[in-house]
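J.: You'll find my_file-v1.txt just under this line, and it carries compact mmCIF, C-alpha atoms.
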```txt
# COMPACT_ATOMS: atom_id res chain seq x y z
CA MET X 3 14.95 20.87 -29.94
CA GLN X 4 16.77 20.68 -26.62
CA GLN X 5 18.99 17.60 -26.27
CA LYS X 6 17.54 15.82 -23.23
CA ALA X 7 19.07 12.37 -23.68
CA ILE X 8 22.34 12.26 -21.74
CA SER X 9 24.59 9.62 -20.21
CA CYS X 10 23.67 8.12 -16.85
CA THR X 11 27.09 9.14 -15.48
CA ARG X 12 26.51 12.78 -16.36
CA ALA X 13 22.98 12.78 -14.96
CA VAL X 14 24.12 11.49 -11.59
CA GLU X 15 27.05 13.92 -11.53
CA MET X 16 24.45 16.70 -11.40
CA ILE X 17 23.13 15.35 -8.10
CA PRO X 18 25.13 16.69 -5.14
CA ASP X 19 25.64 15.02 -1.76
CA GLY X 20 22.78 15.94 0.57
CA ALA X 21 20.26 16.30 -2.26
CA SER X 22 16.58 15.45 -1.80
CA LEU X 23 15.34 12.86 -4.27
CA MET X 24 11.88 11.65 -5.15
CA ILE X 25 12.28 8.16 -6.54
CA GLY X 26 9.43 6.45 -8.39
CA GLY X 27 8.49 2.83 -8.00
CA PHE X 28 6.60 0.39 -5.84
CA MET X 29 8.74 -2.46 -4.52
CA GLY X 30 11.16 -1.69 -7.35
CA VAL X 31 8.48 -1.91 -10.05
CA GLY X 32 8.72 1.38 -11.91
CA SER X 33 11.95 2.41 -10.18
CA PRO X 34 14.87 3.94 -12.15
CA HIS X 35 17.27 1.03 -11.57
CA ARG X 36 20.08 2.33 -13.73
CA ILE X 37 20.15 5.70 -11.98
CA ILE X 38 20.05 3.96 -8.58
CA ASP X 39 23.05 1.81 -9.55
CA GLU X 40 24.95 4.91 -10.68
CA LEU X 41 24.15 6.76 -7.42
CA VAL X 42 25.69 3.82 -5.57
CA ARG X 43 28.70 3.70 -7.92
CA GLN X 44 29.36 7.43 -7.50
CA GLY X 45 28.69 7.14 -3.75
CA ARG X 46 26.28 10.06 -3.27
CA LYS X 47 25.87 10.61 0.47
CA ASN X 48 23.45 12.12 3.00
CA LEU X 49 20.52 11.81 0.64
CA THR X 50 16.93 12.54 1.56
CA VAL X 51 14.77 10.01 -0.26
CA ILE X 52 11.04 10.39 -0.78
CA ALA X 53 9.54 7.16 -2.10
CA ASN X 54 6.72 4.73 -1.45
CA ASP X 55 9.05 2.06 -0.04
CA THR X 56 12.67 0.90 -0.04
CA GLY X 57 12.27 -2.25 -2.13
CA LYS X 58 14.18 -5.18 -0.74
CA PRO X 59 17.84 -5.59 0.27
CA GLY X 60 19.79 -5.64 -3.00
CA TRP X 61 16.77 -4.53 -5.05
CA GLY X 62 15.48 -1.10 -6.07
CA ILE X 63 15.89 1.68 -3.51
CA GLY X 64 17.14 -1.04 -1.14
CA LYS X 65 20.54 -0.65 -2.86
CA LEU X 66 20.81 2.93 -1.54
CA ILE X 67 19.86 1.69 1.92
CA ASP X 68 22.42 -1.16 1.75
CA ALA X 69 25.15 1.34 0.82
CA LYS X 70 24.07 3.64 3.71
CA LEU X 71 23.64 6.63 1.41
CA VAL X 72 20.28 7.71 2.86
CA ARG X 73 20.21 10.10 5.81
CA LYS X 74 16.48 10.70 5.80
CA LEU X 75 13.66 8.66 4.33
CA ILE X 76 10.04 9.65 3.81
CA ALA X 77 8.05 6.54 2.84
CA SER X 78 4.80 4.69 3.50
CA HIS X 79 6.05 1.12 3.92
CA ILE X 80 9.42 -0.41 4.82
CA GLY X 81 8.18 -3.80 6.01
CA LEU X 82 9.67 -5.77 3.13
CA ASN X 83 13.15 -4.35 3.71
CA PRO X 84 14.38 -5.40 7.17
CA GLU X 85 17.63 -3.44 6.69
CA THR X 86 15.67 -0.15 6.55
CA GLY X 87 13.89 -1.11 9.78
CA ARG X 88 17.22 -1.95 11.39
CA GLN X 89 18.77 1.40 10.39
CA MET X 90 15.64 3.18 11.66
CA ILE X 91 15.65 1.48 15.07
CA ALA X 92 19.45 1.91 15.38
CA GLY X 93 19.04 5.63 14.67
CA GLU X 94 21.28 5.50 11.58
CA THR X 95 18.57 6.64 9.20
CA GLU X 96 15.78 9.04 10.04
CA VAL X 97 12.51 7.51 8.80
CA LEU X 98 9.25 9.37 8.50
CA LEU X 99 6.28 7.12 7.78
CA VAL X 100 3.41 8.65 5.83
CA PRO X 101 0.14 6.94 4.80
CA GLN X 102 0.46 5.95 1.14
CA GLY X 103 -2.47 7.98 -0.12
CA THR X 104 -1.32 10.99 1.88
CA LEU X 105 2.19 10.64 0.43
CA ALA X 106 0.79 10.64 -3.11
CA GLU X 107 -1.38 13.69 -2.39
CA ARG X 108 1.39 15.64 -0.61
CA ILE X 109 3.61 15.11 -3.65
CA ARG X 110 0.77 16.03 -5.98
CA ALA X 111 0.15 19.22 -3.98
CA GLY X 112 3.85 20.04 -4.19
CA GLY X 113 3.80 19.73 -7.95
CA PHE X 114 0.39 21.27 -8.59
CA GLY X 115 0.98 24.54 -6.78
CA LEU X 116 -1.29 23.73 -3.85
CA GLY X 117 -0.63 24.72 -0.24
CA GLY X 118 -1.30 21.19 1.00
CA VAL X 119 -4.18 18.75 1.21
CA LEU X 120 -7.01 18.04 3.64
CA THR X 121 -7.34 14.32 4.31
CA PRO X 122 -9.37 12.28 6.78
CA THR X 123 -6.63 9.61 6.75
CA GLY X 124 -4.71 9.50 10.02
CA PHE X 125 -7.13 11.71 11.93
CA GLY X 126 -7.02 10.80 15.64
CA THR X 127 -3.95 8.55 15.20
CA VAL X 128 -0.23 9.11 15.85
CA VAL X 129 0.00 10.46 12.30
CA ALA X 130 -1.99 13.50 13.45
CA GLU X 131 0.44 14.44 16.22
CA GLY X 132 1.59 18.04 15.86
CA LYS X 133 -0.64 18.64 12.84
CA GLN X 134 -3.36 21.17 12.28
CA THR X 135 -6.89 19.80 11.96
CA ILE X 136 -9.79 21.44 10.26
CA GLU X 137 -13.53 20.83 10.00
CA VAL X 138 -15.20 21.19 6.62
CA GLU X 139 -18.94 20.58 6.21
CA GLY X 140 -19.00 18.64 9.49
CA LYS X 141 -16.12 16.34 8.58
CA LYS X 142 -12.71 16.40 10.22
CA PHE X 143 -9.47 16.51 8.26
CA LEU X 144 -5.73 16.70 8.80
CA VAL X 145 -3.85 19.48 7.06
CA GLU X 146 -0.95 17.82 5.24
CA PRO X 147 1.75 20.07 3.77
CA PRO X 148 3.03 19.76 0.19
CA LEU X 149 6.21 17.84 -0.61
CA ARG X 150 8.85 18.80 -3.17
CA ALA X 151 12.39 17.63 -3.90
CA ASP X 152 15.54 18.80 -5.66
CA PHE X 153 15.35 15.90 -8.11
CA ALA X 154 12.72 13.44 -9.28
CA LEU X 155 14.17 10.17 -10.55
CA LEU X 156 11.55 8.36 -12.60
CA ALA X 157 11.15 5.19 -14.59
CA ALA X 158 8.90 5.06 -17.64
CA HIS X 159 8.00 2.60 -20.35
CA ARG X 160 8.87 4.89 -23.25
CA SER X 161 9.93 8.43 -23.80
CA ASP X 162 10.13 10.34 -27.05
CA TYR X 163 13.06 12.72 -27.61
CA ARG X 164 10.96 15.64 -26.40
CA GLY X 165 10.46 13.91 -23.04
CA ASN X 166 6.85 12.76 -23.25
CA LEU X 167 6.48 9.68 -21.05
CA ASP X 168 4.16 6.71 -21.06
CA TYR X 169 4.08 3.96 -18.46
CA SER X 170 3.44 0.28 -18.21
CA LEU X 171 0.80 -1.28 -15.92
CA THR X 172 1.69 -1.07 -12.22
CA ALA X 173 5.07 0.55 -13.03
CA ARG X 174 3.18 3.86 -13.26
CA ASN X 175 2.53 4.32 -9.50
CA PHE X 176 4.26 7.40 -7.99
CA ASN X 177 6.15 8.40 -11.16
CA VAL X 178 3.25 10.47 -12.47
CA VAL X 179 2.93 12.75 -9.43
CA MET X 180 6.68 12.95 -8.78
CA ALA X 181 7.28 14.23 -12.33
CA MET X 182 5.57 17.46 -11.30
CA ALA X 183 7.14 17.98 -7.87
CA ALA X 184 10.90 18.40 -8.32
CA ASP X 185 13.22 21.15 -9.54
CA THR X 186 15.00 18.76 -11.91
CA VAL X 187 13.32 15.71 -13.42
CA ILE X 188 15.40 12.81 -14.75
CA ALA X 189 13.48 10.00 -16.42
CA GLU X 190 14.73 6.51 -17.23
CA PRO X 191 12.55 5.02 -19.98
CA GLU X 192 13.16 1.53 -21.35
CA HIS X 193 13.29 3.07 -24.82
CA ILE X 194 13.64 6.53 -26.26
CA VAL X 195 11.56 6.66 -29.44
CA PRO X 196 11.19 9.25 -32.20
CA VAL X 197 8.86 12.19 -31.60
CA GLY X 198 5.37 11.26 -32.71
CA VAL X 199 5.59 7.56 -31.84
CA ILE X 200 3.81 8.06 -28.51
CA PRO X 201 0.32 9.28 -29.35
CA PRO X 202 -0.85 12.36 -27.40
CA ASP X 203 -3.63 10.36 -25.72
CA ALA X 204 -1.06 7.91 -24.31
CA VAL X 205 1.20 10.56 -22.76
CA ALA X 206 0.89 10.45 -18.96
CA THR X 207 3.73 12.89 -18.25
CA PRO X 208 3.97 15.79 -20.72
CA PHE X 209 7.41 16.78 -22.06
CA PRO X 210 7.83 20.27 -20.53
CA VAL X 211 8.34 18.84 -17.02
CA VAL X 212 11.01 16.31 -18.03
CA ASP X 213 14.57 17.71 -18.08
CA TYR X 214 16.81 14.71 -18.84
CA LEU X 215 16.44 11.24 -20.32
CA ILE X 216 18.49 8.12 -19.75
CA GLU X 217 17.66 5.03 -21.75
CA ARG X 218 17.58 1.88 -19.66
CA GLY X 219 17.52 -0.70 -22.40
CA LEU X 220 14.99 -3.49 -22.59
CA GLY X 221 15.24 -6.32 -20.11
CA ALA X 222 18.26 -4.87 -18.34
CA TYR X 223 16.56 -4.99 -14.98
CA GLY X 224 14.15 -7.87 -15.17
CA ARG X 225 13.98 -9.85 -12.02
CA MET M 4 -10.09 -27.32 7.68
CA GLU M 5 -7.34 -25.02 8.87
CA ASP M 6 -8.10 -21.83 10.82
CA LYS M 7 -7.08 -19.66 7.86
CA VAL M 8 -9.41 -21.56 5.52
CA VAL M 9 -12.34 -21.01 7.89
CA ILE M 10 -11.62 -17.28 7.90
CA ALA M 11 -11.12 -17.02 4.12
CA LYS M 12 -14.29 -19.01 3.38
CA ARG M 13 -16.36 -16.88 5.72
CA VAL M 14 -14.95 -13.58 4.40
CA ALA M 15 -15.72 -14.75 0.84
CA LEU M 16 -19.44 -14.77 1.77
CA GLU M 17 -19.27 -11.01 2.37
CA LEU M 18 -18.24 -10.25 -1.23
CA LYS M 19 -21.05 -9.51 -3.65
CA ASP M 20 -21.32 -9.61 -7.42
CA GLY M 21 -19.83 -6.46 -8.97
CA ASN M 22 -17.96 -5.36 -5.82
CA LEU M 23 -14.63 -3.54 -6.07
CA VAL M 24 -12.44 -5.10 -3.39
CA ASN M 25 -8.94 -4.50 -2.00
CA LEU M 26 -7.24 -7.41 -0.25
CA GLY M 27 -4.41 -6.87 2.21
CA ILE M 28 -1.17 -8.86 2.13
CA GLY M 29 -1.29 -12.35 3.69
CA LEU M 30 -4.46 -14.12 4.79
CA PRO M 31 -6.86 -11.85 2.83
CA THR M 32 -5.28 -12.98 -0.46
CA MET M 33 -6.73 -16.47 0.21
CA VAL M 34 -10.30 -15.17 -0.13
CA PRO M 35 -10.74 -15.23 -3.95
CA GLN M 36 -10.31 -19.02 -4.20
CA TYR M 37 -13.49 -19.47 -2.16
CA LEU M 38 -15.71 -17.27 -4.31
CA PRO M 39 -18.33 -18.99 -6.47
CA PRO M 40 -16.86 -19.24 -10.00
CA GLU M 41 -19.79 -17.43 -11.62
CA MET M 42 -19.42 -14.41 -9.36
CA GLU M 43 -17.67 -11.33 -10.76
CA VAL M 44 -15.74 -9.48 -8.10
CA TYR M 45 -13.13 -6.92 -9.15
CA PHE M 46 -9.89 -6.63 -7.25
CA GLN M 47 -7.96 -3.41 -6.89
CA SER M 48 -4.33 -3.42 -5.89
CA GLU M 49 -3.28 -0.06 -4.49
CA ASN M 50 -0.01 -0.02 -6.43
CA GLY M 51 -2.11 0.74 -9.45
CA ILE M 52 -4.39 -1.84 -11.03
CA VAL M 53 -8.14 -2.34 -11.10
CA GLY M 54 -8.98 -5.85 -12.27
CA MET M 55 -6.09 -7.78 -10.78
CA ALA M 56 -6.09 -11.53 -11.41
CA GLN M 57 -3.80 -14.50 -10.88
CA ILE M 58 -0.83 -14.95 -13.22
CA PRO M 59 -2.24 -16.66 -16.32
CA GLY M 60 0.46 -19.31 -16.15
CA GLN M 61 4.09 -20.09 -15.52
CA GLY M 62 6.39 -18.00 -17.66
CA MET M 63 3.71 -15.34 -18.11
CA GLU M 64 5.11 -13.01 -15.44
CA ASP M 65 5.33 -9.38 -16.48
CA PRO M 66 7.92 -7.38 -14.47
CA SER M 67 5.57 -4.38 -14.70
CA LEU M 68 2.53 -6.16 -13.26
CA THR M 69 2.68 -6.95 -9.58
CA ASP M 70 0.56 -6.73 -6.45
CA ALA M 71 1.26 -4.45 -3.49
CA GLY M 72 3.66 -7.01 -2.04
CA GLY M 73 5.70 -7.06 -5.25
CA GLY M 74 4.49 -10.51 -6.31
CA TYR M 75 3.65 -11.19 -9.96
CA VAL M 76 -0.04 -11.05 -10.85
CA GLY M 77 -2.22 -11.01 -13.92
CA ALA M 78 -5.06 -8.78 -15.02
CA ILE M 79 -8.54 -9.46 -16.36
CA PRO M 80 -9.50 -8.31 -19.86
CA GLY M 81 -10.76 -4.79 -19.36
CA ALA M 82 -8.45 -4.05 -16.43
CA ALA M 83 -7.28 -0.48 -15.86
CA SER M 84 -3.81 0.67 -14.78
CA ILE M 85 -3.74 3.83 -12.69
CA ASP M 86 -1.24 5.99 -10.83
CA SER M 87 -0.95 6.15 -7.04
CA ALA M 88 -2.95 9.38 -6.62
CA LEU M 89 -5.86 7.96 -8.62
CA SER M 90 -5.56 4.61 -6.85
CA PHE M 91 -5.97 6.29 -3.48
CA GLY M 92 -8.67 8.53 -4.88
CA LEU M 93 -10.63 5.32 -5.46
CA ILE M 94 -9.90 4.21 -1.90
CA ARG M 95 -10.38 7.46 -0.01
CA GLY M 96 -13.14 8.76 -2.24
CA GLY M 97 -15.55 5.98 -1.30
CA HIS M 98 -15.37 4.11 -4.63
CA LEU M 99 -14.04 0.94 -3.03
CA ASP M 100 -16.79 -1.37 -1.77
CA ILE M 101 -14.77 -3.57 0.57
CA THR M 102 -11.30 -3.75 2.05
CA VAL M 103 -10.18 -6.94 3.77
CA LEU M 104 -7.21 -6.48 6.08
CA GLY M 105 -5.33 -8.37 8.74
CA GLY M 106 -5.32 -7.14 12.32
CA LEU M 107 -3.08 -7.08 15.36
CA GLU M 108 -5.77 -5.76 17.75
CA VAL M 109 -9.41 -4.66 17.57
CA ASP M 110 -11.22 -3.12 20.52
CA GLU M 111 -14.72 -2.60 21.92
CA GLN M 112 -15.15 0.57 19.86
CA GLY M 113 -14.37 -1.48 16.77
CA GLN M 114 -11.11 0.40 16.25
CA LEU M 115 -8.28 -1.45 14.53
CA ALA M 116 -4.52 -1.48 15.12
CA ASN M 117 -2.54 -3.28 12.44
CA TRP M 118 0.48 -1.29 11.29
CA ILE M 119 3.14 -1.06 13.97
CA VAL M 120 4.51 -2.64 17.13
CA PRO M 121 6.65 0.26 18.35
CA GLY M 122 10.31 -0.67 18.73
CA LYS M 123 9.76 -4.17 17.36
CA MET M 124 7.90 -4.34 14.08
CA VAL M 125 7.93 -1.14 12.05
CA PRO M 126 6.56 -2.01 8.63
CA GLY M 127 4.76 1.30 8.15
CA MET M 128 1.12 1.80 7.40
CA GLY M 129 1.41 1.56 3.62
CA GLY M 130 -2.13 1.93 2.34
CA ALA M 131 -3.85 0.60 5.48
CA MET M 132 -4.81 3.96 7.02
CA ASP M 133 -6.37 5.18 3.77
CA LEU M 134 -8.15 1.86 3.24
CA VAL M 135 -9.67 1.74 6.72
CA THR M 136 -10.65 5.40 6.52
CA GLY M 137 -12.12 5.37 3.04
CA ALA M 138 -13.54 1.99 2.00
CA LYS M 139 -17.31 1.54 2.21
CA ARG M 140 -16.89 -1.62 4.31
CA VAL M 141 -13.86 -2.65 6.35
CA ILE M 142 -13.51 -6.35 7.13
CA VAL M 143 -10.82 -7.44 9.55
CA SER M 144 -9.72 -11.03 8.98
CA MET M 145 -7.43 -12.36 11.67
CA THR M 146 -6.83 -15.21 14.08
CA HIS M 147 -8.85 -14.76 17.25
CA THR M 148 -5.80 -14.97 19.50
CA ALA M 149 -2.01 -14.67 19.14
CA LYS M 150 0.03 -17.23 21.10
CA GLY M 151 -3.06 -17.84 23.23
CA LYS M 152 -3.57 -14.15 24.01
CA PRO M 153 -6.77 -12.40 22.90
CA LYS M 154 -6.48 -9.89 20.05
CA ILE M 155 -9.97 -8.49 20.62
CA LEU M 156 -9.52 -6.16 23.57
CA LYS M 157 -11.34 -3.61 25.69
CA LYS M 158 -8.99 -0.93 24.31
CA CYS M 159 -6.24 -1.25 21.71
CA THR M 160 -2.75 -1.00 23.22
CA LEU M 161 -1.01 -0.49 19.84
CA PRO M 162 -1.24 2.70 17.74
CA LEU M 163 -4.55 2.81 15.84
CA THR M 164 -4.81 2.51 12.08
CA SER M 165 -7.92 4.69 12.04
CA VAL M 166 -10.46 5.99 14.53
CA ARG M 167 -13.20 4.66 12.27
CA ARG M 168 -15.23 1.69 13.52
CA VAL M 169 -14.59 -1.34 11.30
CA SER M 170 -17.58 -3.12 9.74
CA LEU M 171 -16.90 -6.76 10.62
CA ILE M 172 -14.36 -8.99 12.36
CA VAL M 173 -13.96 -12.53 11.02
CA THR M 174 -11.81 -15.03 12.93
CA GLU M 175 -11.49 -18.82 12.95
CA MET M 176 -13.82 -18.79 15.98
CA ALA M 177 -16.45 -16.19 15.25
CA VAL M 178 -17.97 -13.37 13.26
CA ILE M 179 -18.26 -10.20 15.33
CA GLU M 180 -19.92 -6.96 14.30
CA PRO M 181 -18.80 -3.75 15.98
CA THR M 182 -21.82 -1.50 16.59
CA GLU M 183 -22.53 1.70 18.49
CA GLN M 184 -23.63 -0.47 21.43
CA GLY M 185 -20.51 -2.62 21.32
CA LEU M 186 -19.26 -5.87 19.81
CA VAL M 187 -22.09 -8.18 18.75
CA LEU M 188 -21.36 -11.89 18.38
CA LYS M 189 -23.04 -12.73 15.08
CA GLU M 190 -21.82 -16.27 14.35
CA VAL M 191 -19.58 -18.99 15.72
CA ALA M 192 -17.40 -21.29 13.62
CA PRO M 193 -18.48 -24.92 13.19
CA GLY M 194 -17.56 -26.83 16.36
CA VAL M 195 -17.00 -23.70 18.45
CA THR M 196 -19.21 -22.75 21.40
CA VAL M 197 -20.22 -19.26 22.50
CA GLU M 198 -18.42 -19.91 25.80
CA GLN M 199 -15.16 -20.65 23.98
CA VAL M 200 -15.44 -17.39 22.03
CA VAL M 201 -16.10 -15.42 25.22
CA ALA M 202 -13.11 -17.07 26.92
CA ALA M 203 -10.81 -16.13 24.02
CA THR M 204 -12.01 -12.50 23.89
CA ALA M 205 -10.83 -9.74 26.24
CA ALA M 206 -13.63 -7.35 25.28
CA LYS M 207 -17.28 -7.43 26.31
CA LEU M 208 -19.40 -9.26 23.76
CA ILE M 209 -23.09 -8.65 23.20
CA ILE M 210 -24.55 -12.13 22.78
CA PRO M 211 -27.95 -12.49 21.11
CA ASN M 212 -30.24 -15.35 22.18
CA ASN M 213 -29.51 -17.18 18.96
CA VAL M 214 -25.97 -17.26 17.62
CA PRO M 215 -25.92 -19.25 14.36
CA VAL M 216 -23.02 -21.29 13.03
CA MET M 217 -21.03 -19.83 10.10
CA PRO M 218 -22.68 -21.00 6.86
CA ILE M 219 -19.49 -22.47 5.42
CA SER M 220 -18.90 -25.93 4.02
CA GLY M 221 -16.24 -28.36 5.17
CA GLU M 222 -15.21 -29.90 8.45
CA ALA M 223 -13.74 -27.37 10.86
CA LYS M 224 -10.64 -28.60 12.62
CA PHE M 225 -10.63 -26.15 15.44
CA THR M 226 -7.38 -26.13 17.33
CA GLN M 227 -6.87 -22.87 19.12
CA ALA M 228 -9.51 -23.03 21.88
CA ALA M 229 -8.61 -26.63 22.59
CA ALA M 230 -5.06 -25.50 23.29
CA ASN M 231 -6.21 -22.77 25.69
```
Do you think you could lay out the structure here as structure tokens?
T.:
Amino acid sequence: MQQKAISCTRAVEMIPDGASLMIGGFMGVGSPHRIIDELVRQGRKNLTVIANDTGKPGWGIGKLIDAKLVRKLIASHIGLNPETGRQMIAGETEVLLVPQGTLAERIRAGGFGLGGVLTPTGFGTVVAEGKQTIEVEGKKFLVEPPLRADFALLAAHRSDYRGNLDYSLTARNFNVVMAMAADTVIAEPEHIVPVGVIPPDAVATPFPVVDYLIERGLGAYGR
Amino acid sequence: MEDKVVIAKRVALELKDGNLVNLGIGLPTMVPQYLPPEMEVYFQSENGIVGMAQIPGQGMEDPSLTDAGGGYVGAIPGAASIDSALSFGLIRGGHLDITVLGGLEVDEQGQLANWIVPGKMVPGMGGAMDLVTGAKRVIVSMTHTAKGKPKILKKCTLPLTSVRRVSLIVTEMAVIEPTEQGLVLKEVAPGVTVEQVVAATAAKLIIPNNVPVMPISGEAKFTQAAAN
């Protein structure tokens, strides 16, 4: 069996400056906090980050924003992190705002081999500017292209040593779709457990898509 | 009774037994406390839970169970945790009965703007565009005016959240229903006159011969029109 569990240092060393990263989590819940800390420690620069939000200053993806490591951000909501808004208005960070459901579906399309999605969300608003529209069975849709990244950085509840992942409550969020949509997938479970401990019915992300595992340790990033 | 309480109490009357409801951040989260205790309404939070509830008690916070604002919540027995794609499938796919959201502006077409003030406030749309586009009913709960200026306008000046016409507008002064013909004044708050509503609204209102008072309990302490 391939050895997927590696050190956090080594995992982050694989990520070059300028990489595009999908980062799971919703306001830091379900975000890979240990990997984020290591990205800051190693000072990865000019990152493109695709995520639902940027947490808060000093919390979650907000730590990457604080350290000014993000060149471009694709997210649905930055309202709870005023520093992201400041960098956006000052022109320091390029921010592309995408409706949350559209973001999830664009990522899903990227990982599921689809050429994009048709969504009614955003039709006739500024979100539609420059986009193709299409009418299907009398209803109007925007054509939204798929999204992929070089790396997906995920958080999970548990992983087994094969890389099967399960999730906890609202910490599931974007992790499930992001696991499918990146060239290299690094998951940060709270625990790595023996193969067979996670029952097949409980696996939300199947092992073949997960490349590397980093154990977070229980309670290390409680709030 | 504060303005926000009037709004929350009136919105609560729109929720029906068995409804699946999504509440926006802020004022809408006050609605559940005014529901009759025997009524079963299910709350979805778009970050991935169906059956959200209050935290069962102090010290019971679970770092993996929060609402869309990142605040700790609880869950009812029989709740379901879901990923973001499924969560928005519920919203966009017409499985959500009601969404209650705040508003910055609503206009005569019943179109809502609530996600950005360009150059000033750039929170992002989050789930708002999907919610307004996909929910069966869209209820806007907001104060009637902001710093004395009407928020119900002839035409929205801010970028729209959706081109869809919202279902109902509930403010501390009135209940207004956007229709194909225009904005219909359905109810006034206790102690508020039709004339006061008209004066605080910058859009044309269709006023039926009989405009009833909101069927809510408690003494309204109406402040905003008095200040105008």
J.: Please tabulate, as CSV, the residues of chain X that come within 9 Å of chain M, each with its closest pair of atoms and the distance in Å to one decimal, counting only C-alpha atoms and ordering rows by chain, then residue number upward.
T.:
```
residue,atom,partner,partner_atom,distance
X:Phe28,CA,M:Asn50,CA,6.6
X:Met29,CA,M:Gly73,CA,5.6
X:Gly30,CA,M:Gly73,CA,7.9
X:Val31,CA,M:Ser67,CA,6.0
X:Gly32,CA,M:Ser67,CA,7.1
X:Asn54,CA,M:Gly129,CA,8.0
X:Asp55,CA,M:Gly129,CA,8.5
X:Gly57,CA,M:Gly73,CA,8.7
X:Ala77,CA,M:Gly127,CA,8.2
X:Ser78,CA,M:Gly129,CA,4.6
X:His79,CA,M:Gly127,CA,4.4
X:Ile80,CA,M:Pro126,CA,5.0
X:Gly81,CA,M:Pro126,CA,3.6
X:Leu82,CA,M:Pro126,CA,7.4
X:Asn83,CA,M:Pro126,CA,8.6
X:Pro84,CA,M:Pro126,CA,8.6
X:Gly87,CA,M:Val125,CA,6.4
X:Met90,CA,M:Val125,CA,8.8
X:Ile91,CA,M:Gly122,CA,6.8
X:Leu99,CA,M:Gly127,CA,6.0
X:Val100,CA,M:Met128,CA,7.4
X:Pro101,CA,M:Gly129,CA,5.7
X:Gln102,CA,M:Gly130,CA,4.9
X:Gly103,CA,M:Phe91,CA,5.1
X:Thr104,CA,M:Asp133,CA,7.9
X:Leu105,CA,M:Ala88,CA,8.8
X:Ala106,CA,M:Ala88,CA,5.3
X:Glu107,CA,M:Ala88,CA,6.2
X:Arg110,CA,M:Ala88,CA,7.6
X:Thr121,CA,M:Arg95,CA,8.7
X:Pro122,CA,M:Thr136,CA,7.0
X:Thr123,CA,M:Asp133,CA,5.3
X:Gly124,CA,M:Ser165,CA,6.1
X:Phe125,CA,M:Ser165,CA,7.1
X:Gly126,CA,M:Val166,CA,6.0
X:Thr127,CA,M:Leu163,CA,5.8
X:Val128,CA,M:Pro162,CA,6.8
X:Ser170,CA,M:Ser67,CA,6.2
X:Leu171,CA,M:Ser84,CA,5.1
X:Thr172,CA,M:Gly51,CA,5.0
X:Ala173,CA,M:Ser67,CA,5.2
X:Arg174,CA,M:Asp86,CA,5.5
X:Asn175,CA,M:Asp86,CA,4.3
X:Phe176,CA,M:Ser87,CA,5.4
X:Asn177,CA,M:Asp86,CA,7.8
X:Val178,CA,M:Asp86,CA,6.6
X:Val179,CA,M:Ala88,CA,7.3
X:Tyr223,CA,M:Pro66,CA,9.0
X:Gly224,CA,M:Pro66,CA,6.3
X:Arg225,CA,M:Pro66,CA,7.0
```
J.: For each of M:Ala202, M:Val169, M:Ala177, M:Val24, take the minimum atom-to-atom distance to M:Gln112, counting all atoms listed in the file, then give the residue where this is smallest.
T.: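 The answer is M:Val169, which sits nearest to M:Gln112.
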J.: Show me, as a PyMOL selection string, the residues that have an atom within 6 Å of stretch 184-188 of chain M when counting only C-alpha atoms, minus same-chain residues fewer than 5 positions from it.
T.: chain M and resi 111+179+208-210
J.: What does the distance between atom CA of M:Gly221 and atom CA of M:Phe46 come to in Å, to one decimal place?
T.: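 Atom-to-atom, atom CA of M:Gly221 and atom CA of M:Phe46 are spaced 25.8 Å apart.
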J.: When you count all atoms listed in the file, which of these residues is closest to X:Lys58: X:Glu217, X:Glu85, X:Glu94, X:Asp168?
T.: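 Checking each of X:Glu217, X:Glu85, X:Glu94, X:Asp168 against X:Lys58, counting all atoms listed in the file, the winner is X:Glu85.
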J.: Could you name the residues that touch stretch 39-47 of chain X at 9 Å or less, counting only C-alpha atoms, but leaving out those on the same chain fewer than 5 positions away, as an MDAnalysis selection string?
T.: chainID X and resid 10:11 14:15 17:21 34 62 65:66 69:73
J.: Mind checking which residues fall within 7 Å of M:Lys189, counting only C-alpha atoms, ignoring those fewer than 5 positions away in the same chain, and posting them as a PDB file with C-alpha atoms, keeping the file's coordinate frame?
T.:
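Listed below is the output, out20.pdb:
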```pdb
ATOM      1  CA  VAL M 178     -17.970 -13.370  13.260  1.00  0.00           C
ATOM      2  CA  ILE M 179     -18.260 -10.200  15.330  1.00  0.00           C
ATOM      3  CA  GLU M 180     -19.920  -6.960  14.300  1.00  0.00           C
ATOM      4  CA  VAL M 214     -25.970 -17.260  17.620  1.00  0.00           C
TER       5      VAL M 214
END
```
J.: Tell me which of X:Gly132, X:Pro59, X:Pro201, X:Gly26 sits closest to X:Ala189, counting all atoms listed in the file.
T.: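 Distance minimum relative to X:Ala189 lands on X:Gly26.
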J.: Between atom CA of X:Leu155 and atom CA of X:Leu23, measure the distance and give it in Å to one decimal.
T.: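 Between atom CA of X:Leu155 and atom CA of X:Leu23 the gap is 6.9 Å.
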J.: Hey, can you check how far atom CA of M:Met33 sits from atom CA of X:Thr56?
T.: 26.0 Å
J.: Around (-16.2, -9.3, -1.5) in the file's frame, which residues reach within 10 Å when counting only C-alpha atoms? Return as a ChimeraX atom specification?
T.: /M:14-26,34-35,38,42-46,100-103,140,142
